[in-house]
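Heads up: the structure comes next, in structure tokens.
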Amino acid sequence: MARHGRRVLRTDFFRRPAALVARELLGIELVRNQDGGPTSSIITETEAYEGPHDLASHSSRGRTRRTEVMFGPAGRFYVYLVYGLHWMLNVTAGEPGDAAAVLIRGLGAVSGPARLTTALGIDDSLNGLEAAKQNGLWFEDRGHVVAPRQVLRSARIGVEYAGPKWTRKKLRFVLKGSVR
DNA sequence: GCAGTGATCATA
DNA sequence: ATGATCACTGCC
């Protein structure tokens, strides 16, 4: 493999615990290919959502039409609308049935999960698609090394409904220097 | 601090 | 059919 090549992340990358996938997605390029050609940005913020035991995770509310993708194989986009306004981009993690996913919350200059999907033109037409298949949206490892001291861990945003235990869990990962 | 916004899901 | 909820943003 080329040291500075474009390595498209394969499904195996995602078939690991969500917190690990969330950590390792920092520094990875998110590539969007639309009519105007491909653009890419570095991932600077993520959050892990674990399986049904994680009360902040959609999968804790059971298997429904919306959460069906979470219960399936890893490495699929899970895209849903929140507050009737904002698309959220996730990628599924773990083994089938783990029902875990990672929310992509920040990209280079773009801060905020809804502003990110708006900027990239992401909606539910991508829901359920395999990231590794490069269906207009995928992840690439370009060899950008993120050292442990560059990573800030904190509580997840906007999940107070899950109660103190799951609200306080440090499942948010931020690339230092990307947040003001 | 909180309004806007509408799909989703539980309840009936 | 109805009502509560909501992994956010932007404005006050």
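Residues in the structure tokens are numbered from 1 in each chain, the chains being A, B, ... in the order shown, and ligands are numbered from 1 in the order shown.
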Which residues of chain A come within 8 Å of chain C, and for each one, what is the closest pair of atoms and their distance in Å to one decimal, counting only C-alpha atoms (C1' of nucleotides), sorted by chain and residue number, as a tab-separated table?
residue	atom	partner	partner_atom	distance
A:Ala56	CA	C:DA7	C1'	7.8
A:Ser57	CA	C:DA7	C1'	7.8
A:Val82	CA	C:DC6	C1'	6.1
A:Tyr83	CA	C:DC6	C1'	5.6
A:His86	CA	C:DC8	C1'	6.7
A:Met88	CA	C:DA7	C1'	7.8
A:Leu103	CA	C:DA7	C1'	7.5
A:Pro113	CA	C:DC8	C1'	7.8
A:Ala114	CA	C:DC8	C1'	6.6
A:Ile157	CA	C:DA7	C1'	7.2
A:Gly158	CA	C:DA7	C1'	6.4
A:Val159	CA	C:DA7	C1'	6.5
Print the selection's residues with N, CA, C and O atoms to a file, as a PDB file, in the first residue's frame.
ATOM      1  N   ALA A  56     -28.764   6.651  25.459  1.00  0.00           N
ATOM      2  CA  ALA A  56     -28.750   7.800  24.547  1.00  0.00           C
ATOM      3  C   ALA A  56     -28.866   7.354  23.089  1.00  0.00           C
ATOM      4  O   ALA A  56     -29.063   8.177  22.201  1.00  0.00           O
ATOM      5  N   SER A  57     -28.707   6.069  22.857  1.00  0.00           N
ATOM      6  CA  SER A  57     -28.687   5.541  21.498  1.00  0.00           C
ATOM      7  C   SER A  57     -30.101   5.257  20.995  1.00  0.00           C
ATOM      8  O   SER A  57     -30.941   4.740  21.740  1.00  0.00           O
ATOM      9  N   VAL A  82     -33.720  15.143  12.411  1.00  0.00           N
ATOM     10  CA  VAL A  82     -34.044  15.473  13.798  1.00  0.00           C
ATOM     11  C   VAL A  82     -34.663  16.874  13.845  1.00  0.00           C
ATOM     12  O   VAL A  82     -34.325  17.726  13.020  1.00  0.00           O
ATOM     13  N   TYR A  83     -35.589  17.063  14.756  1.00  0.00           N
ATOM     14  CA  TYR A  83     -36.293  18.339  14.920  1.00  0.00           C
ATOM     15  C   TYR A  83     -36.978  18.780  13.634  1.00  0.00           C
ATOM     16  O   TYR A  83     -37.200  19.966  13.429  1.00  0.00           O
ATOM     17  N   HIS A  86     -33.081  18.889  10.513  1.00  0.00           N
ATOM     18  CA  HIS A  86     -31.655  18.653  10.324  1.00  0.00           C
ATOM     19  C   HIS A  86     -31.333  17.186  10.064  1.00  0.00           C
ATOM     20  O   HIS A  86     -31.722  16.318  10.835  1.00  0.00           O
ATOM     21  N   MET A  88     -28.857  14.097  10.164  1.00  0.00           N
ATOM     22  CA  MET A  88     -27.712  13.638  10.945  1.00  0.00           C
ATOM     23  C   MET A  88     -27.060  12.489  10.197  1.00  0.00           C
ATOM     24  O   MET A  88     -27.744  11.552   9.763  1.00  0.00           O
ATOM     25  N   LEU A 103     -21.822   9.091  15.176  1.00  0.00           N
ATOM     26  CA  LEU A 103     -22.324  10.341  14.598  1.00  0.00           C
ATOM     27  C   LEU A 103     -21.143  11.201  14.179  1.00  0.00           C
ATOM     28  O   LEU A 103     -20.222  11.413  14.957  1.00  0.00           O
ATOM     29  N   PRO A 113     -23.226  19.034  13.487  1.00  0.00           N
ATOM     30  CA  PRO A 113     -23.644  17.907  12.654  1.00  0.00           C
ATOM     31  C   PRO A 113     -24.664  18.251  11.582  1.00  0.00           C
ATOM     32  O   PRO A 113     -24.673  17.617  10.517  1.00  0.00           O
ATOM     33  N   ALA A 114     -25.502  19.246  11.834  1.00  0.00           N
ATOM     34  CA  ALA A 114     -26.504  19.610  10.831  1.00  0.00           C
ATOM     35  C   ALA A 114     -25.896  20.515   9.768  1.00  0.00           C
ATOM     36  O   ALA A 114     -26.215  20.398   8.582  1.00  0.00           O
ATOM     37  N   ILE A 157     -23.303  15.516  23.234  1.00  0.00           N
ATOM     38  CA  ILE A 157     -24.117  16.732  23.230  1.00  0.00           C
ATOM     39  C   ILE A 157     -25.595  16.386  23.059  1.00  0.00           C
ATOM     40  O   ILE A 157     -25.954  15.554  22.227  1.00  0.00           O
ATOM     41  N   GLY A 158     -26.429  17.048  23.845  1.00  0.00           N
ATOM     42  CA  GLY A 158     -27.879  16.971  23.614  1.00  0.00           C
ATOM     43  C   GLY A 158     -28.515  15.633  23.903  1.00  0.00           C
ATOM     44  O   GLY A 158     -29.507  15.264  23.268  1.00  0.00           O
ATOM     45  N   VAL A 159     -27.984  14.885  24.870  1.00  0.00           N
ATOM     46  CA  VAL A 159     -28.546  13.563  25.166  1.00  0.00           C
ATOM     47  C   VAL A 159     -29.019  13.455  26.620  1.00  0.00           C
ATOM     48  O   VAL A 159     -29.083  12.362  27.180  1.00  0.00           O
TER      49      VAL A 159
END
For chain A against chain B, which residues fall within 12 Å using only C-alpha atoms (C1' of nucleotides), given as a PyMOL selection string?
chain A and resi 58+61-67+80-87
Let me see the file: selected residues, N, CA, C and O atoms, as a PDB file, in the first residue's frame.
ATOM      1  N   HIS A  58     -30.347   5.566  19.743  1.00  0.00           N
ATOM      2  CA  HIS A  58     -31.668   5.272  19.179  1.00  0.00           C
ATOM      3  C   HIS A  58     -32.018   3.791  19.318  1.00  0.00           C
ATOM      4  O   HIS A  58     -33.178   3.443  19.453  1.00  0.00           O
ATOM      5  N   ARG A  61     -34.311   2.327  22.043  1.00  0.00           N
ATOM      6  CA  ARG A  61     -35.775   2.423  21.935  1.00  0.00           C
ATOM      7  C   ARG A  61     -36.358   1.270  21.132  1.00  0.00           C
ATOM      8  O   ARG A  61     -37.539   1.261  20.816  1.00  0.00           O
ATOM      9  N   GLY A  62     -35.500   0.332  20.784  1.00  0.00           N
ATOM     10  CA  GLY A  62     -35.969  -0.844  20.063  1.00  0.00           C
ATOM     11  C   GLY A  62     -35.759  -0.747  18.563  1.00  0.00           C
ATOM     12  O   GLY A  62     -35.371   0.288  18.031  1.00  0.00           O
ATOM     13  N   ARG A  63     -36.020  -1.846  17.904  1.00  0.00           N
ATOM     14  CA  ARG A  63     -35.835  -1.944  16.461  1.00  0.00           C
ATOM     15  C   ARG A  63     -37.081  -1.431  15.768  1.00  0.00           C
ATOM     16  O   ARG A  63     -38.154  -2.035  15.874  1.00  0.00           O
ATOM     17  N   THR A  64     -36.954  -0.332  15.081  1.00  0.00           N
ATOM     18  CA  THR A  64     -38.091   0.268  14.366  1.00  0.00           C
ATOM     19  C   THR A  64     -37.659   0.513  12.919  1.00  0.00           C
ATOM     20  O   THR A  64     -36.515   0.231  12.556  1.00  0.00           O
ATOM     21  N   ARG A  65     -38.557   1.046  12.140  1.00  0.00           N
ATOM     22  CA  ARG A  65     -38.212   1.292  10.732  1.00  0.00           C
ATOM     23  C   ARG A  65     -37.031   2.260  10.652  1.00  0.00           C
ATOM     24  O   ARG A  65     -36.110   2.070   9.876  1.00  0.00           O
ATOM     25  N   ARG A  66     -37.080   3.288  11.492  1.00  0.00           N
ATOM     26  CA  ARG A  66     -35.984   4.260  11.452  1.00  0.00           C
ATOM     27  C   ARG A  66     -34.650   3.637  11.839  1.00  0.00           C
ATOM     28  O   ARG A  66     -33.629   3.887  11.205  1.00  0.00           O
ATOM     29  N   THR A  67     -34.654   2.825  12.894  1.00  0.00           N
ATOM     30  CA  THR A  67     -33.387   2.314  13.425  1.00  0.00           C
ATOM     31  C   THR A  67     -32.935   1.010  12.766  1.00  0.00           C
ATOM     32  O   THR A  67     -31.922   0.448  13.173  1.00  0.00           O
ATOM     33  N   TYR A  80     -30.721  10.276   9.486  1.00  0.00           N
ATOM     34  CA  TYR A  80     -32.084  10.536   9.945  1.00  0.00           C
ATOM     35  C   TYR A  80     -32.290  12.027  10.149  1.00  0.00           C
ATOM     36  O   TYR A  80     -31.331  12.800  10.235  1.00  0.00           O
ATOM     37  N   LEU A  81     -33.549  12.433  10.210  1.00  0.00           N
ATOM     38  CA  LEU A  81     -33.910  13.836  10.384  1.00  0.00           C
ATOM     39  C   LEU A  81     -34.264  14.077  11.847  1.00  0.00           C
ATOM     40  O   LEU A  81     -35.014  13.313  12.446  1.00  0.00           O
ATOM     41  N   VAL A  82     -33.720  15.143  12.411  1.00  0.00           N
ATOM     42  CA  VAL A  82     -34.044  15.473  13.798  1.00  0.00           C
ATOM     43  C   VAL A  82     -34.663  16.874  13.845  1.00  0.00           C
ATOM     44  O   VAL A  82     -34.325  17.726  13.020  1.00  0.00           O
ATOM     45  N   TYR A  83     -35.589  17.063  14.756  1.00  0.00           N
ATOM     46  CA  TYR A  83     -36.293  18.339  14.920  1.00  0.00           C
ATOM     47  C   TYR A  83     -36.978  18.780  13.634  1.00  0.00           C
ATOM     48  O   TYR A  83     -37.200  19.966  13.429  1.00  0.00           O
ATOM     49  N   GLY A  84     -37.285  17.839  12.777  1.00  0.00           N
ATOM     50  CA  GLY A  84     -37.985  18.177  11.546  1.00  0.00           C
ATOM     51  C   GLY A  84     -37.184  19.028  10.601  1.00  0.00           C
ATOM     52  O   GLY A  84     -37.712  19.516   9.605  1.00  0.00           O
ATOM     53  N   LEU A  85     -35.890  19.208  10.865  1.00  0.00           N
ATOM     54  CA  LEU A  85     -35.082  20.177  10.120  1.00  0.00           C
ATOM     55  C   LEU A  85     -33.733  19.653   9.655  1.00  0.00           C
ATOM     56  O   LEU A  85     -33.301  19.987   8.561  1.00  0.00           O
ATOM     57  N   HIS A  86     -33.081  18.889  10.513  1.00  0.00           N
ATOM     58  CA  HIS A  86     -31.655  18.653  10.324  1.00  0.00           C
ATOM     59  C   HIS A  86     -31.333  17.186  10.064  1.00  0.00           C
ATOM     60  O   HIS A  86     -31.722  16.318  10.835  1.00  0.00           O
ATOM     61  N   TRP A  87     -30.576  16.948   8.994  1.00  0.00           N
ATOM     62  CA  TRP A  87     -30.100  15.591   8.729  1.00  0.00           C
ATOM     63  C   TRP A  87     -28.888  15.298   9.594  1.00  0.00           C
ATOM     64  O   TRP A  87     -27.992  16.140   9.716  1.00  0.00           O
TER      65      TRP A  87
END
Which of chain A fall in helix (DSSP H, G or I), as a PyMOL selection string
chain A and resi 11-14+18-25+58-61+66-71+113-120+124-126+131-133+148-150+160-162+164-168
Now that the selection is made, can you save its residues with C-alpha atoms as a PDB file, in the first residue's frame?
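And here's part-v6.pdb as it stands now:
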ATOM      1  CA  THR A  11     -16.194  -2.406   6.068  1.00  0.00           C
ATOM      2  CA  ASP A  12     -13.832  -4.165   8.493  1.00  0.00           C
ATOM      3  CA  PHE A  13     -12.771  -0.778   9.860  1.00  0.00           C
ATOM      4  CA  PHE A  14     -16.280  -0.246  11.172  1.00  0.00           C
ATOM      5  CA  ALA A  18     -18.296   2.223  18.318  1.00  0.00           C
ATOM      6  CA  ALA A  19     -16.044   4.180  20.691  1.00  0.00           C
ATOM      7  CA  LEU A  20     -12.956   2.857  18.906  1.00  0.00           C
ATOM      8  CA  VAL A  21     -14.390   3.617  15.490  1.00  0.00           C
ATOM      9  CA  ALA A  22     -15.334   7.114  16.678  1.00  0.00           C
ATOM     10  CA  ARG A  23     -11.805   7.736  17.955  1.00  0.00           C
ATOM     11  CA  GLU A  24     -10.166   6.453  14.803  1.00  0.00           C
ATOM     12  CA  LEU A  25     -12.403   8.434  12.463  1.00  0.00           C
ATOM     13  CA  HIS A  58     -31.668   5.272  19.179  1.00  0.00           C
ATOM     14  CA  SER A  59     -31.295   1.504  19.348  1.00  0.00           C
ATOM     15  CA  SER A  60     -32.220   1.598  23.049  1.00  0.00           C
ATOM     16  CA  ARG A  61     -35.775   2.423  21.935  1.00  0.00           C
ATOM     17  CA  ARG A  66     -35.984   4.260  11.452  1.00  0.00           C
ATOM     18  CA  THR A  67     -33.387   2.314  13.425  1.00  0.00           C
ATOM     19  CA  GLU A  68     -33.351  -0.709  11.130  1.00  0.00           C
ATOM     20  CA  VAL A  69     -29.985   0.295   9.655  1.00  0.00           C
ATOM     21  CA  MET A  70     -28.403   0.458  13.122  1.00  0.00           C
ATOM     22  CA  PHE A  71     -29.291  -3.184  13.712  1.00  0.00           C
ATOM     23  CA  PRO A 113     -23.644  17.907  12.654  1.00  0.00           C
ATOM     24  CA  ALA A 114     -26.504  19.610  10.831  1.00  0.00           C
ATOM     25  CA  ARG A 115     -24.344  22.273   9.211  1.00  0.00           C
ATOM     26  CA  LEU A 116     -22.100  19.476   8.001  1.00  0.00           C
ATOM     27  CA  THR A 117     -24.881  17.583   6.246  1.00  0.00           C
ATOM     28  CA  THR A 118     -26.225  20.812   4.759  1.00  0.00           C
ATOM     29  CA  ALA A 119     -22.783  21.723   3.419  1.00  0.00           C
ATOM     30  CA  LEU A 120     -22.318  18.295   1.854  1.00  0.00           C
ATOM     31  CA  ASP A 124     -31.715  10.144   3.609  1.00  0.00           C
ATOM     32  CA  SER A 125     -31.098   9.089   0.023  1.00  0.00           C
ATOM     33  CA  LEU A 126     -27.818   7.794   1.486  1.00  0.00           C
ATOM     34  CA  ALA A 131     -19.601   3.458   2.983  1.00  0.00           C
ATOM     35  CA  ALA A 132     -16.988   1.228   1.327  1.00  0.00           C
ATOM     36  CA  LYS A 133     -18.909   1.190  -1.975  1.00  0.00           C
ATOM     37  CA  PRO A 148      -3.559  10.633  21.740  1.00  0.00           C
ATOM     38  CA  ARG A 149      -2.723  14.088  23.115  1.00  0.00           C
ATOM     39  CA  GLN A 150      -4.548  15.681  20.170  1.00  0.00           C
ATOM     40  CA  GLU A 160     -29.805  14.594  28.610  1.00  0.00           C
ATOM     41  CA  TYR A 161     -32.929  12.529  27.972  1.00  0.00           C
ATOM     42  CA  ALA A 162     -30.782   9.434  28.539  1.00  0.00           C
ATOM     43  CA  PRO A 164     -27.051  11.138  34.107  1.00  0.00           C
ATOM     44  CA  LYS A 165     -25.124   7.917  33.587  1.00  0.00           C
ATOM     45  CA  TRP A 166     -25.333   7.900  29.814  1.00  0.00           C
ATOM     46  CA  THR A 167     -25.193  11.675  29.498  1.00  0.00           C
ATOM     47  CA  ARG A 168     -21.860  11.790  31.330  1.00  0.00           C
TER      48      ARG A 168
END
I'd like the contact shell of region 35-45 of chain A - 10 Å cut-off, only C-alpha atoms (C1' of nucleotides), skipping same-chain residues fewer than 3 positions apart - returned as a PyMOL selection string.
chain A and resi 22-32+103-113+120+136-142+144+151-153+172-179
May I ask for the distance between CA of Arg15 (chain A) and CA of Glu95 (chain A), given in Å to one decimal place?
5.7 Å
Can you list, as a count of residues only, all residues belonging to region 18-106 of chain A that DSSP tags as strand (DSSP E or B)?
41
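For the pair CA of His53 (chain A) and CA of Leu9 (chain A), the separation is 27.4 Å.
CA of Tyr49 (chain A) is found 7.6 Å from CA of Leu171 (chain A).
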